[in-house]
Every structure is written in C-alpha cells, then in structure tokens.
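Chemist: See final.txt below, with compact mmCIF, C-alpha atoms.
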```txt
# COMPACT_ATOMS: atom_id res chain seq x y z
CA MET A 443 5.54 -9.31 -3.63
CA SER A 444 8.79 -7.76 -2.84
CA SER A 445 12.40 -8.56 -2.35
CA PRO A 446 13.12 -9.91 1.14
CA GLY A 447 12.07 -7.47 3.79
CA LYS A 448 10.57 -4.90 1.42
CA THR A 449 7.13 -4.06 0.12
CA CYS A 450 7.19 -2.73 -3.41
CA GLY A 451 6.07 0.73 -4.28
CA ARG A 452 6.64 3.41 -6.86
CA LEU A 453 10.32 4.39 -6.94
CA ALA A 454 9.33 7.91 -7.97
CA ALA A 455 6.90 7.58 -10.79
CA VAL A 456 4.66 5.09 -12.55
CA LEU A 457 4.34 2.48 -9.80
CA LEU A 458 5.19 -0.20 -12.31
CA MET A 459 7.17 -2.61 -10.21
CA THR A 460 10.24 -4.58 -11.04
CA ALA A 461 9.82 -8.26 -11.72
CA ALA A 462 10.94 -9.03 -8.20
CA CYS A 463 8.40 -6.65 -6.72
CA ALA A 464 5.60 -8.09 -8.79
CA ALA A 465 6.42 -11.67 -7.98
CA GLY A 466 8.20 -11.89 -4.65
CA ALA A 467 6.65 -12.32 -1.23
CA ALA A 468 5.58 -9.67 1.26
CA ASP A 469 8.57 -10.78 3.21
CA ALA A 470 8.46 -7.94 5.66
CA PRO A 471 7.44 -9.64 8.88
CA ALA A 472 10.56 -11.77 9.29
CA PRO A 473 14.10 -10.55 9.92
CA ALA A 474 16.36 -10.92 6.91
CA ALA A 475 18.79 -13.02 8.92
CA ALA A 476 16.19 -15.57 9.97
CA THR A 477 16.63 -19.05 8.57
CA LYS A 478 13.68 -20.95 10.02
CA ALA A 479 9.94 -20.67 9.55
CA VAL A 480 8.07 -18.17 11.69
CA PRO A 481 4.97 -20.05 12.90
CA ASP A 482 2.93 -17.01 14.01
CA LEU A 483 2.68 -15.92 10.37
CA ASP A 484 0.74 -19.03 9.42
CA ALA A 485 -2.48 -17.13 10.07
CA TYR A 486 -1.73 -15.55 6.69
CA ALA A 487 -1.73 -18.95 4.98
CA GLY A 488 -5.51 -18.70 4.71
CA PRO A 489 -8.27 -16.10 4.76
CA ALA A 490 -9.51 -14.44 7.92
CA GLN A 491 -13.03 -13.04 7.32
CA ARG A 492 -14.23 -13.00 3.72
CA VAL A 493 -16.76 -10.17 3.69
CA ASP A 494 -19.55 -10.19 1.11
CA ILE A 495 -19.47 -6.75 -0.53
CA GLY A 496 -22.22 -7.55 -3.03
CA LYS A 497 -22.54 -8.88 -6.57
CA GLY A 498 -21.05 -12.20 -5.50
CA ARG A 499 -17.69 -10.71 -4.46
CA HIS A 500 -15.83 -11.10 -1.16
CA LEU A 501 -12.87 -9.20 0.26
CA ASN A 502 -10.62 -10.72 2.93
CA LEU A 503 -10.58 -8.69 6.17
CA ARG A 504 -8.27 -9.19 9.19
CA CYS A 505 -9.25 -7.36 12.38
CA SER A 506 -7.69 -7.42 15.83
CA GLY A 507 -7.56 -5.42 19.04
CA ARG A 508 -10.05 -3.20 20.82
CA GLY A 509 -10.43 0.53 21.28
CA GLU A 510 -11.73 3.55 19.41
CA PRO A 511 -11.41 4.88 16.82
CA THR A 512 -11.05 1.88 14.55
CA VAL A 513 -7.98 1.96 12.30
CA LEU A 514 -8.02 0.62 8.74
CA LEU A 515 -4.78 -0.28 6.94
CA GLU A 516 -4.39 0.20 3.17
CA ALA A 517 -1.39 -1.64 1.73
CA GLY A 518 0.98 -0.65 -1.05
CA PHE A 519 0.65 -1.56 -4.70
CA ALA A 520 0.02 -5.30 -5.27
CA ALA A 521 0.62 -5.97 -1.55
CA ASP A 522 -1.73 -7.91 0.71
CA SER A 523 -2.55 -7.79 4.41
CA LEU A 524 0.63 -9.75 5.22
CA SER A 525 2.56 -6.53 4.65
CA TRP A 526 1.10 -5.25 7.97
CA ALA A 527 2.02 -8.34 10.01
CA LYS A 528 4.57 -6.48 12.14
CA ALA A 529 2.70 -3.19 12.51
CA GLN A 530 -0.88 -4.37 13.07
CA PRO A 531 -0.29 -6.06 16.46
CA LEU A 532 1.29 -2.85 17.81
CA ILE A 533 -1.69 -0.74 16.75
CA ALA A 534 -4.02 -3.39 18.21
CA GLU A 535 -2.61 -2.73 21.68
CA ARG A 536 -4.73 0.46 21.83
CA ASN A 537 -7.19 0.35 18.92
CA ARG A 538 -9.30 -2.01 16.91
CA VAL A 539 -7.42 -2.31 13.64
CA CYS A 540 -8.24 -4.00 10.35
CA ALA A 541 -6.18 -4.81 7.28
CA TYR A 542 -7.59 -6.26 4.08
CA ASP A 543 -6.64 -7.67 0.69
CA ARG A 544 -7.66 -5.59 -2.31
CA ALA A 545 -9.51 -7.20 -5.22
CA GLY A 546 -7.60 -10.08 -6.81
CA VAL A 547 -4.88 -10.00 -4.15
CA GLY A 548 -4.40 -12.46 -1.31
CA TYR A 549 -7.70 -14.13 -0.46
CA SER A 550 -10.01 -11.52 -2.00
CA ASP A 551 -12.04 -12.15 -5.12
CA PRO A 552 -11.06 -10.31 -8.30
CA GLY A 553 -13.07 -7.27 -9.26
CA PRO A 554 -14.32 -5.93 -12.58
CA LEU A 555 -11.83 -4.17 -14.80
CA PRO A 556 -10.45 -1.58 -14.91
CA ARG A 557 -8.73 -1.78 -11.53
CA ASP A 558 -8.13 1.96 -11.15
CA LEU A 559 -8.15 4.21 -8.11
CA ASP A 560 -11.90 4.75 -8.28
CA ALA A 561 -12.48 0.99 -8.27
CA ASP A 562 -10.30 0.55 -5.18
CA VAL A 563 -12.07 3.39 -3.36
CA ALA A 564 -15.48 1.96 -4.21
CA ASP A 565 -14.42 -1.46 -2.91
CA LEU A 566 -13.11 0.07 0.32
CA HIS A 567 -16.39 1.88 0.89
CA ALA A 568 -18.36 -1.30 0.21
CA LEU A 569 -16.15 -3.24 2.64
CA ILE A 570 -16.56 -0.71 5.44
CA GLU A 571 -20.32 -0.79 5.01
CA ALA A 572 -20.62 -4.57 4.66
CA ALA A 573 -18.33 -5.30 7.62
CA ASP A 574 -20.16 -2.67 9.70
CA LEU A 575 -16.90 -1.04 10.81
CA ASP A 576 -17.32 1.80 13.27
CA THR A 577 -16.75 5.17 11.68
CA PRO A 578 -15.15 7.65 11.55
CA LEU A 579 -12.00 5.63 10.96
CA ILE A 580 -8.34 6.48 11.08
CA LEU A 581 -7.11 5.46 7.64
CA ILE A 582 -3.46 4.50 7.17
CA GLY A 583 -2.18 4.21 3.62
CA HIS A 584 1.27 3.00 2.67
CA SER A 585 2.76 4.01 -0.69
CA TYR A 586 -0.01 3.61 -3.31
CA GLY A 587 -2.38 3.04 -0.39
CA SER A 588 -1.94 6.71 0.49
CA GLN A 589 -3.68 7.56 -2.80
CA VAL A 590 -6.59 5.29 -1.91
CA VAL A 591 -7.18 6.82 1.52
CA ARG A 592 -6.79 10.39 0.23
CA ARG A 593 -9.40 9.81 -2.47
CA PHE A 594 -11.64 7.96 -0.01
CA ASP A 595 -11.63 10.96 2.33
CA GLU A 596 -12.56 13.26 -0.53
CA ARG A 597 -15.51 10.99 -1.40
CA HIS A 598 -16.63 10.01 2.11
CA PRO A 599 -15.32 12.64 4.54
CA ARG A 600 -17.77 11.80 7.33
CA GLN A 601 -16.33 8.30 7.59
CA VAL A 602 -12.76 9.52 8.20
CA ALA A 603 -11.33 10.82 11.48
CA ALA A 604 -7.68 11.18 10.39
CA LEU A 605 -5.22 10.17 7.71
CA VAL A 606 -1.77 8.67 8.17
CA LEU A 607 0.15 8.66 4.88
CA ILE A 608 3.20 6.39 4.99
CA ASP A 609 5.92 7.51 2.58
CA PRO A 610 3.56 8.65 -0.20
CA PRO A 611 5.18 8.19 -3.65
CA VAL A 612 6.52 11.33 -5.24
CA GLN A 613 4.45 13.28 -7.70
CA ASN A 614 5.54 15.57 -10.52
CA VAL A 615 9.05 14.13 -10.76
CA ALA A 616 9.37 15.42 -14.35
CA GLU A 617 9.68 18.96 -13.01
CA PHE A 618 12.86 17.97 -11.19
CA SER A 619 14.29 15.44 -13.64
CA PRO A 620 12.76 15.18 -17.13
CA GLY A 621 15.31 12.49 -17.96
CA TYR A 622 14.27 10.31 -15.04
CA ALA A 623 10.61 10.65 -15.96
CA ARG A 624 11.42 9.78 -19.56
CA ARG A 625 13.32 6.65 -18.55
CA GLU A 626 10.41 5.51 -16.41
CA ALA A 627 8.02 6.04 -19.29
CA GLU A 628 10.25 3.91 -21.50
CA ILE A 629 10.34 1.08 -18.94
CA ALA A 630 6.57 0.95 -18.46
CA PRO A 631 5.68 -0.88 -21.71
CA LYS A 632 8.39 -3.46 -21.05
CA MET A 633 7.01 -4.16 -17.59
CA LEU A 634 3.49 -4.51 -18.93
CA ALA A 635 4.74 -6.94 -21.58
CA MET A 636 6.34 -9.04 -18.86
CA TYR A 637 3.14 -9.02 -16.80
CA ARG A 638 1.17 -10.17 -19.84
CA SER A 639 3.59 -13.06 -20.30
CA CYS A 640 3.07 -13.98 -16.66
CA GLU A 641 -0.71 -13.81 -17.08
CA GLN A 642 -0.52 -16.10 -20.09
CA GLY A 643 1.71 -18.48 -18.16
CA ALA A 644 -0.84 -18.52 -15.34
CA ARG A 645 -3.66 -19.29 -17.78
CA GLU A 646 -1.64 -22.22 -19.13
CA GLY A 647 -0.87 -23.49 -15.62
CA ARG A 648 2.87 -22.95 -16.04
CA LEU A 649 3.42 -20.75 -13.00
CA SER A 650 4.55 -23.14 -10.32
CA ALA A 651 7.31 -23.61 -7.77
CA THR A 652 9.58 -24.47 -10.71
CA PRO A 653 8.39 -22.32 -13.65
CA PRO A 654 10.05 -22.57 -17.08
CA ALA A 655 13.01 -20.28 -17.72
CA GLU A 656 10.97 -17.71 -19.63
CA LEU A 657 8.64 -17.27 -16.64
CA LYS A 658 11.17 -17.30 -13.80
CA SER A 659 10.86 -13.51 -13.41
CA CYS A 660 7.16 -13.87 -12.59
CA LEU A 661 7.56 -15.50 -9.17
CA ARG A 662 10.23 -15.50 -6.52
CA GLY A 663 11.26 -18.73 -4.87
CA PRO A 664 10.00 -19.77 -1.43
CA ASN A 665 10.84 -17.42 1.40
CA PRO A 666 13.05 -19.30 3.89
CA ASN A 667 11.54 -17.21 6.69
CA TYR A 668 8.09 -18.68 6.01
CA SER A 669 6.59 -22.08 6.65
CA ALA A 670 5.95 -24.41 3.73
CA ARG A 671 2.23 -23.83 4.22
CA LEU A 672 2.52 -20.05 3.92
CA ASN A 673 4.84 -20.25 0.91
CA ALA A 674 2.39 -22.60 -0.81
CA ALA A 675 -0.52 -20.27 -0.11
CA ILE A 676 1.33 -17.26 -1.53
CA LEU A 677 2.31 -19.21 -4.63
CA ALA A 678 -1.30 -20.32 -5.11
CA TRP A 679 -2.87 -16.87 -5.29
CA ARG A 680 -0.02 -15.29 -7.21
CA SER A 681 -0.25 -18.03 -9.82
CA LYS A 682 -3.85 -17.19 -10.70
CA PRO A 683 -4.59 -15.41 -14.00
CA ALA A 684 -6.93 -13.03 -12.14
CA PHE A 685 -4.04 -11.68 -10.07
CA TRP A 686 -2.02 -10.85 -13.18
CA ALA A 687 -5.02 -9.43 -15.03
CA GLY A 688 -5.67 -7.09 -12.10
CA LEU A 689 -1.99 -6.17 -11.87
CA ILE A 690 -1.88 -5.30 -15.57
CA SER A 691 -5.01 -3.15 -15.36
CA ALA A 692 -3.81 -1.46 -12.17
CA SER A 693 -0.40 -0.72 -13.68
CA GLU A 694 -1.98 0.85 -16.74
CA HIS A 695 -3.82 3.35 -14.55
CA ARG A 696 -1.40 4.05 -11.68
CA GLY A 697 1.17 6.11 -13.56
CA ALA A 698 -1.17 8.99 -14.30
CA LEU A 699 -1.74 9.50 -10.57
CA TYR A 700 1.82 10.74 -10.18
CA ASP A 701 2.44 12.84 -13.28
CA ALA A 702 1.12 16.06 -11.73
CA PRO A 703 1.79 17.60 -8.31
CA VAL A 704 -0.63 17.23 -5.41
CA PRO A 705 -3.73 19.15 -6.55
CA LYS A 706 -4.09 22.57 -4.94
CA SER A 707 -7.79 21.78 -4.63
CA GLU A 708 -7.18 18.73 -2.41
CA ARG A 709 -8.35 19.47 1.11
CA HIS A 710 -8.66 17.42 4.30
CA ASP A 711 -9.56 20.34 6.56
CA GLY A 712 -10.44 19.68 10.17
CA LYS A 713 -8.65 16.32 10.21
CA PRO A 714 -5.15 15.35 11.26
CA VAL A 715 -3.00 14.38 8.28
CA LEU A 716 0.31 12.81 9.31
CA VAL A 717 2.94 12.11 6.67
CA LEU A 718 5.65 9.63 7.63
CA SER A 719 8.77 10.07 5.48
CA ALA A 720 11.51 7.46 5.33
CA ASP A 721 15.04 8.72 5.82
CA ARG A 722 16.46 6.18 3.31
CA PRO A 723 13.86 6.18 0.53
CA TYR A 724 15.95 5.59 -2.61
CA PRO A 725 18.94 3.40 -1.74
CA GLY A 726 19.41 2.08 -5.27
CA ALA A 727 19.24 5.39 -7.12
CA SER A 728 22.28 7.23 -8.47
CA PRO A 729 23.34 10.39 -6.61
CA LYS A 730 21.89 12.55 -9.38
CA ASP A 731 18.57 10.70 -9.38
CA GLN A 732 18.45 10.74 -5.59
CA GLN A 733 18.78 14.51 -5.62
CA SER A 734 15.86 14.87 -8.04
CA LEU A 735 13.70 12.31 -6.28
CA ILE A 736 14.25 13.84 -2.86
CA ALA A 737 13.40 17.30 -4.19
CA ALA A 738 10.20 15.95 -5.73
CA ARG A 739 9.38 14.11 -2.52
CA GLU A 740 9.86 17.28 -0.46
CA GLN A 741 7.37 19.04 -2.70
CA THR A 742 4.89 16.13 -2.48
CA HIS A 743 5.05 15.55 1.26
CA THR A 744 4.98 19.26 2.08
CA ALA A 745 1.94 19.74 -0.13
CA LEU A 746 0.12 16.87 1.56
CA ILE A 747 0.48 18.28 5.07
CA GLY A 748 -0.70 21.58 3.62
CA THR A 749 -4.08 20.06 2.75
CA THR A 750 -5.25 20.62 6.34
CA ARG A 751 -4.59 22.97 9.23
CA LEU A 752 -3.79 19.83 11.26
CA GLY A 753 -0.90 18.59 9.15
CA LYS A 754 2.32 17.12 10.50
CA ARG A 755 5.31 15.45 8.89
CA VAL A 756 7.61 13.03 10.72
CA VAL A 757 10.88 11.68 9.33
CA ILE A 758 11.28 8.04 10.35
CA GLU A 759 14.92 7.23 11.02
CA ASN A 760 16.62 4.02 9.89
CA SER A 761 13.86 3.19 7.46
CA SER A 762 13.49 2.48 3.78
CA HIS A 763 10.28 3.17 1.88
CA ASP A 764 8.83 0.18 3.71
CA ILE A 765 8.31 1.88 7.06
CA PRO A 766 5.74 -0.67 8.37
CA VAL A 767 8.48 -3.29 8.16
CA ASP A 768 11.60 -1.37 9.10
CA GLN A 769 9.99 0.63 11.92
CA PRO A 770 6.67 -1.08 12.68
CA SER A 771 6.05 1.01 15.79
CA ALA A 772 5.89 4.18 13.67
CA PRO A 773 2.30 3.62 12.43
CA ALA A 774 1.12 2.89 15.98
CA ILE A 775 2.76 6.06 17.29
CA ALA A 776 1.21 8.01 14.41
CA VAL A 777 -2.26 6.70 15.33
CA PHE A 778 -1.78 7.88 18.92
CA GLU A 779 -0.55 11.26 17.71
CA ALA A 780 -3.50 11.63 15.33
CA MET A 781 -5.89 10.92 18.21
CA GLN A 782 -4.15 13.52 20.37
CA MET A 783 -4.23 16.11 17.57
CA ARG A 784 -7.92 15.47 17.07
CA GLU A 785 -8.70 15.90 20.76
CA ARG A 786 -6.67 19.11 20.98
CA ALA A 787 -8.47 20.51 17.96
CA LYS A 788 -11.84 19.67 19.50
CA ALA A 789 -10.82 21.39 22.75
CA ARG A 790 -9.81 24.55 20.87
CA ASP A 791 -13.04 24.60 18.90
```
Show the structure stored in the file as structure tokens.
Modeler:
Amino acid sequence: MSSPGKTCGRLAAVLLMTAACAAGAADAPAPAAATKAVPDLDAYAGPAQRVDIGKGRHLNLRCSGRGEPTVLLEAGFAADSLSWAKAQPLIAERNRVCAYDRAGVGYSDPGPLPRDLDADVADLHALIEAADLDTPLILIGHSYGSQVVRRFDERHPRQVAALVLIDPPVQNVAEFSPGYARREAEIAPKMLAMYRSCEQGAREGRLSATPPAELKSCLRGPNPNYSARLNAAILAWRSKPAFWAGLISASEHRGALYDAPVPKSERHDGKPVLVLSADRPYPGASPKDQQSLIAAREQTHTALIGTTRLGKRVVIENSSHDIPVDQPSAPAIAVFEAMQMRERAKARD
C-alpha cells in the first residue's frame, strides 16, 4: 500500500513501487490530518462477496448503489478495493458500482503465476461472468488498472460501454529522457530483490507488526486513521507469502507494458474514452525529470483519447496521481459524462 493518502502507481516507467508503496496501506479514504479511527471503513476489515470464478478460486467483490449501466472499478498496481472507498459511494448515488480485489490482494485468493496483464484480464472476465454483472459495463481503471480495462475492451468489446482512464502511467519515457529510463531500469532489480526478501520473511512468519530491522521496509506501521481491526486485517493479508509472490511476478511483467508508446493499432471506436489527468502528477521529481515525464504523459494521454472518435481528456485540478483520493467526485462526474456522450452518439447515429 501507499504512503498516507496516496495509492502507488508507476512514476513514469516500470511500475516497480518503492518500499513504502509496496508495504503501506491504501490510506486514501481518510484525511491526512485525522488522528482517530474512521469507523465507516471497517467494512474493509473483511471480505464482501467472495465470488467463485472456477478452479477453486474466489475474488472479493464489493458492489453498491443502483442504476444502469453498472460501473466496475479497477484499482492501481498492488492496490485493493479500499483504494476506492471515497469514490465508490459517490458513483453509487446514480449507478450500481463494483470494486474488487485482484488475485492475491485483499481478500481474493492468489492466482496461478505468472501474474501478467493477460492473467488479470482473464480473471476480470471470469468475475464478470460468475457474478452475473449486467453488461455492457463502464470500466474505470486507475493507473495500472487503465491497462487492464484497455486490454479487456480489446478482448471483450461487447461487454464494455465506456472507458474512464484515471491518470494512465506514461509510456515511451525513453524517447523523452533516456537517462530517466536507464535509472529506472537500474532500480528494478533492487526492488525485486527487496520483494524477494519480504516474501522469504513472510514464509518464515517474520512479517508482523514489529518485523526485524532487515524487513522493516516490507510493511508500514499501523495507519492512525484506521481502526485496530482494519489495520490488523491489512497486516494479515500483506504478510502472506502469496501476496509477495504475486507482487514479484506482477513486477517482472509490468515494465514492458510501458516501454513503447500507445500502439497505433489500439482502437476503442464507438465508445467514450475519458482520460482524467492529474495537474500535480510528479511532485517528487526534479525539474528536468518533470519536464520529460510531462512530455511523455502528454503523448500517452493524447494517444489514448485518439483511440476513439468519442475521446475526451479532463485535467483534474488540485490532484496528485491518486485522483480517486484527492478528488473523489471526479470519477463520478466522468461516469455521468460518459453516459451523456454515449447517448449523444446514439442520437446522431
């Protein structure tokens, strides 16, 4: 999980997270200044509906609200459904909306390795079928989740009504800054080595509320904004070897998704594609790196809205990469806009 108030994602390239991102909590739902537990989040201290997707595996699904079309939320890398705790209730005011935990995350069972994009898309399809969700869906993907919903639409276009892509990670950053891309490539093996140490610590039962010094980077301490019950639940699933095994496999495959630009062959014709871009995406980067990252992001986000004749980009003010936390109304507004765009397109046709 992330540093307080943030959900981790790819800060421009390989989507290999920092130790804090890998181990912290999806702290988003509570204000940073809060000092007491937030009781309404305790629903996330246990599973909601564990859906049997076959072969003895279950994925945890959280649905709320009423109204068509149904909206499905795809979280960022290594994040669980808690990352949508602020945004989901706002969408539920008009639509049925569901968030879920990917394999090995939260209260979902682990899946077979490798945990690559194809595996995540196959799981999503199995979940939609097993849970009998009404289609076509509006799919919302944050960060890495934008890759999942894009690929899903390419594989199962009849099940998708619209796409909302929340701050998609940049692609092809090497074109704008070879040095930045090289530094990321050098960091990747070190991050994987740390994850493997965490996995070994989990297998030995040494990941706990007070881990030994050599494993302190694996897990953040309790979030003061959460109840003891929720903190204990988060620690429990992030201390499992299966979580770290999945994270390692996922990290090994994510980087390649971002090396090249958005494929010219990628099309989502006939469907609204809304791209929400944060106005403060790289607060920790140097001015030089920010310039390169922003240029790469412009190329990426512009290319994505160009995959359909119904593309639209919206810059979300006063927001970091974690738009569902900083501006939780933005996804709900985007759903309404996607519905309006779809109706206008139908009227024209």
Chemist: Please tabulate, as a tab-separated table, the residues of region 493-608 of chain A that come within 9 Å of region 779-787 of chain A, each with its closest pair of atoms and the distance in Å to one decimal, counting all atoms listed in the file and ordering rows by chain, then residue number upward.
Modeler:
```
residue	atom	partner	partner_atom	distance
A:Pro511	CA	A:Met781	CA	8.3
A:Ile580	CA	A:Ala780	CA	8.2
A:Ala603	CA	A:Arg784	CA	8.0
A:Ala604	CA	A:Ala780	CA	6.5
A:Leu605	CA	A:Ala780	CA	7.9
A:Val606	CA	A:Ala780	CA	7.9
```
Chemist: Give me, please, the distance in Å between CA of Ala545 (chain A) and CA of Leu649 (chain A), quoted to one decimal.
Modeler: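 About the pair CA of Ala545 (chain A) and CA of Leu649 (chain A): they are 20.3 Å apart.
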Chemist: What does the structure give for the distance between CA of Arg709 (chain A) and CA of Thr750 (chain A), in Å to one decimal?
Modeler: 6.2 Å
Chemist: In Å, how far is it from CA of Val704 (chain A) to CA of Ala737 (chain A)?
Modeler: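 Going from CA of Val704 (chain A) over to CA of Ala737 (chain A) covers 14.1 Å.
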Chemist: List as JSON, numbers by chain the protein and nucleic acid residues near Ser639 (chain A), meaning an atom at most 9 Å away when all atoms listed in the file are counted, but skip any in the same chain fewer than 6 places from it.
Modeler: {"A": [656, 657, 660]}
Chemist: Could you complete region 621-646 of chain A so that it carries N, CA and C atoms, and give it back as a PDB file, in the frame of the given file?
Modeler:
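Once everything was written out, this is out.pdb:
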```pdb
ATOM      1  N   GLY A 621      14.664  13.710 -17.498  1.00  0.00           N
ATOM      2  CA  GLY A 621      15.310  12.490 -17.960  1.00  0.00           C
ATOM      3  C   GLY A 621      14.866  11.282 -17.182  1.00  0.00           C
ATOM      4  N   TYR A 622      14.728  11.421 -15.865  1.00  0.00           N
ATOM      5  CA  TYR A 622      14.270  10.310 -15.040  1.00  0.00           C
ATOM      6  C   TYR A 622      12.852   9.923 -15.422  1.00  0.00           C
ATOM      7  N   ALA A 623      11.986  10.927 -15.578  1.00  0.00           N
ATOM      8  CA  ALA A 623      10.610  10.650 -15.960  1.00  0.00           C
ATOM      9  C   ALA A 623      10.541   9.969 -17.321  1.00  0.00           C
ATOM     10  N   ARG A 624      11.405  10.389 -18.233  1.00  0.00           N
ATOM     11  CA  ARG A 624      11.420   9.780 -19.560  1.00  0.00           C
ATOM     12  C   ARG A 624      11.856   8.327 -19.496  1.00  0.00           C
ATOM     13  N   ARG A 625      12.861   8.031 -18.681  1.00  0.00           N
ATOM     14  CA  ARG A 625      13.320   6.650 -18.550  1.00  0.00           C
ATOM     15  C   ARG A 625      12.227   5.754 -17.962  1.00  0.00           C
ATOM     16  N   GLU A 626      11.506   6.281 -16.982  1.00  0.00           N
ATOM     17  CA  GLU A 626      10.410   5.510 -16.410  1.00  0.00           C
ATOM     18  C   GLU A 626       9.330   5.219 -17.451  1.00  0.00           C
ATOM     19  N   ALA A 627       9.031   6.227 -18.253  1.00  0.00           N
ATOM     20  CA  ALA A 627       8.020   6.040 -19.290  1.00  0.00           C
ATOM     21  C   ALA A 627       8.451   4.989 -20.304  1.00  0.00           C
ATOM     22  N   GLU A 628       9.740   4.903 -20.558  1.00  0.00           N
ATOM     23  CA  GLU A 628      10.250   3.910 -21.500  1.00  0.00           C
ATOM     24  C   GLU A 628      10.202   2.494 -20.916  1.00  0.00           C
ATOM     25  N   ILE A 629      10.352   2.392 -19.597  1.00  0.00           N
ATOM     26  CA  ILE A 629      10.340   1.080 -18.940  1.00  0.00           C
ATOM     27  C   ILE A 629       8.923   0.523 -18.851  1.00  0.00           C
ATOM     28  N   ALA A 630       7.937   1.396 -18.716  1.00  0.00           N
ATOM     29  CA  ALA A 630       6.570   0.950 -18.460  1.00  0.00           C
ATOM     30  C   ALA A 630       6.057  -0.081 -19.461  1.00  0.00           C
ATOM     31  N   PRO A 631       6.185   0.132 -20.779  1.00  0.00           N
ATOM     32  CA  PRO A 631       5.680  -0.880 -21.710  1.00  0.00           C
ATOM     33  C   PRO A 631       6.382  -2.234 -21.563  1.00  0.00           C
ATOM     34  N   LYS A 632       7.659  -2.214 -21.229  1.00  0.00           N
ATOM     35  CA  LYS A 632       8.390  -3.460 -21.050  1.00  0.00           C
ATOM     36  C   LYS A 632       7.869  -4.227 -19.845  1.00  0.00           C
ATOM     37  N   MET A 633       7.558  -3.504 -18.768  1.00  0.00           N
ATOM     38  CA  MET A 633       7.010  -4.160 -17.590  1.00  0.00           C
ATOM     39  C   MET A 633       5.640  -4.751 -17.875  1.00  0.00           C
ATOM     40  N   LEU A 634       4.824  -3.997 -18.606  1.00  0.00           N
ATOM     41  CA  LEU A 634       3.490  -4.510 -18.930  1.00  0.00           C
ATOM     42  C   LEU A 634       3.588  -5.758 -19.808  1.00  0.00           C
ATOM     43  N   ALA A 635       4.546  -5.760 -20.723  1.00  0.00           N
ATOM     44  CA  ALA A 635       4.740  -6.940 -21.580  1.00  0.00           C
ATOM     45  C   ALA A 635       5.124  -8.151 -20.736  1.00  0.00           C
ATOM     46  N   MET A 636       5.964  -7.936 -19.730  1.00  0.00           N
ATOM     47  CA  MET A 636       6.340  -9.040 -18.860  1.00  0.00           C
ATOM     48  C   MET A 636       5.138  -9.546 -18.071  1.00  0.00           C
ATOM     49  N   TYR A 637       4.325  -8.616 -17.548  1.00  0.00           N
ATOM     50  CA  TYR A 637       3.140  -9.020 -16.800  1.00  0.00           C
ATOM     51  C   TYR A 637       2.190  -9.831 -17.670  1.00  0.00           C
ATOM     52  N   ARG A 638       2.068  -9.437 -18.930  1.00  0.00           N
ATOM     53  CA  ARG A 638       1.170 -10.170 -19.840  1.00  0.00           C
ATOM     54  C   ARG A 638       1.705 -11.587 -20.096  1.00  0.00           C
ATOM     55  N   SER A 639       3.014 -11.726 -20.155  1.00  0.00           N
ATOM     56  CA  SER A 639       3.590 -13.060 -20.300  1.00  0.00           C
ATOM     57  C   SER A 639       3.293 -13.908 -19.065  1.00  0.00           C
ATOM     58  N   CYS A 640       3.368 -13.272 -17.900  1.00  0.00           N
ATOM     59  CA  CYS A 640       3.070 -13.980 -16.660  1.00  0.00           C
ATOM     60  C   CYS A 640       1.595 -14.384 -16.614  1.00  0.00           C
ATOM     61  N   GLU A 641       0.711 -13.481 -17.053  1.00  0.00           N
ATOM     62  CA  GLU A 641      -0.710 -13.810 -17.080  1.00  0.00           C
ATOM     63  C   GLU A 641      -0.973 -14.996 -18.002  1.00  0.00           C
ATOM     64  N   GLN A 642      -0.338 -14.998 -19.164  1.00  0.00           N
ATOM     65  CA  GLN A 642      -0.520 -16.100 -20.090  1.00  0.00           C
ATOM     66  C   GLN A 642       0.021 -17.406 -19.494  1.00  0.00           C
ATOM     67  N   GLY A 643       1.163 -17.310 -18.830  1.00  0.00           N
ATOM     68  CA  GLY A 643       1.710 -18.480 -18.160  1.00  0.00           C
ATOM     69  C   GLY A 643       0.780 -19.016 -17.094  1.00  0.00           C
ATOM     70  N   ALA A 644       0.123 -18.101 -16.369  1.00  0.00           N
ATOM     71  CA  ALA A 644      -0.840 -18.520 -15.340  1.00  0.00           C
ATOM     72  C   ALA A 644      -2.032 -19.213 -15.982  1.00  0.00           C
ATOM     73  N   ARG A 645      -2.506 -18.680 -17.089  1.00  0.00           N
ATOM     74  CA  ARG A 645      -3.660 -19.290 -17.780  1.00  0.00           C
ATOM     75  C   ARG A 645      -3.320 -20.703 -18.270  1.00  0.00           C
ATOM     76  N   GLU A 646      -2.066 -20.907 -18.623  1.00  0.00           N
ATOM     77  CA  GLU A 646      -1.640 -22.220 -19.130  1.00  0.00           C
ATOM     78  C   GLU A 646      -1.193 -23.144 -18.009  1.00  0.00           C
TER      79      GLU A 646
END
```
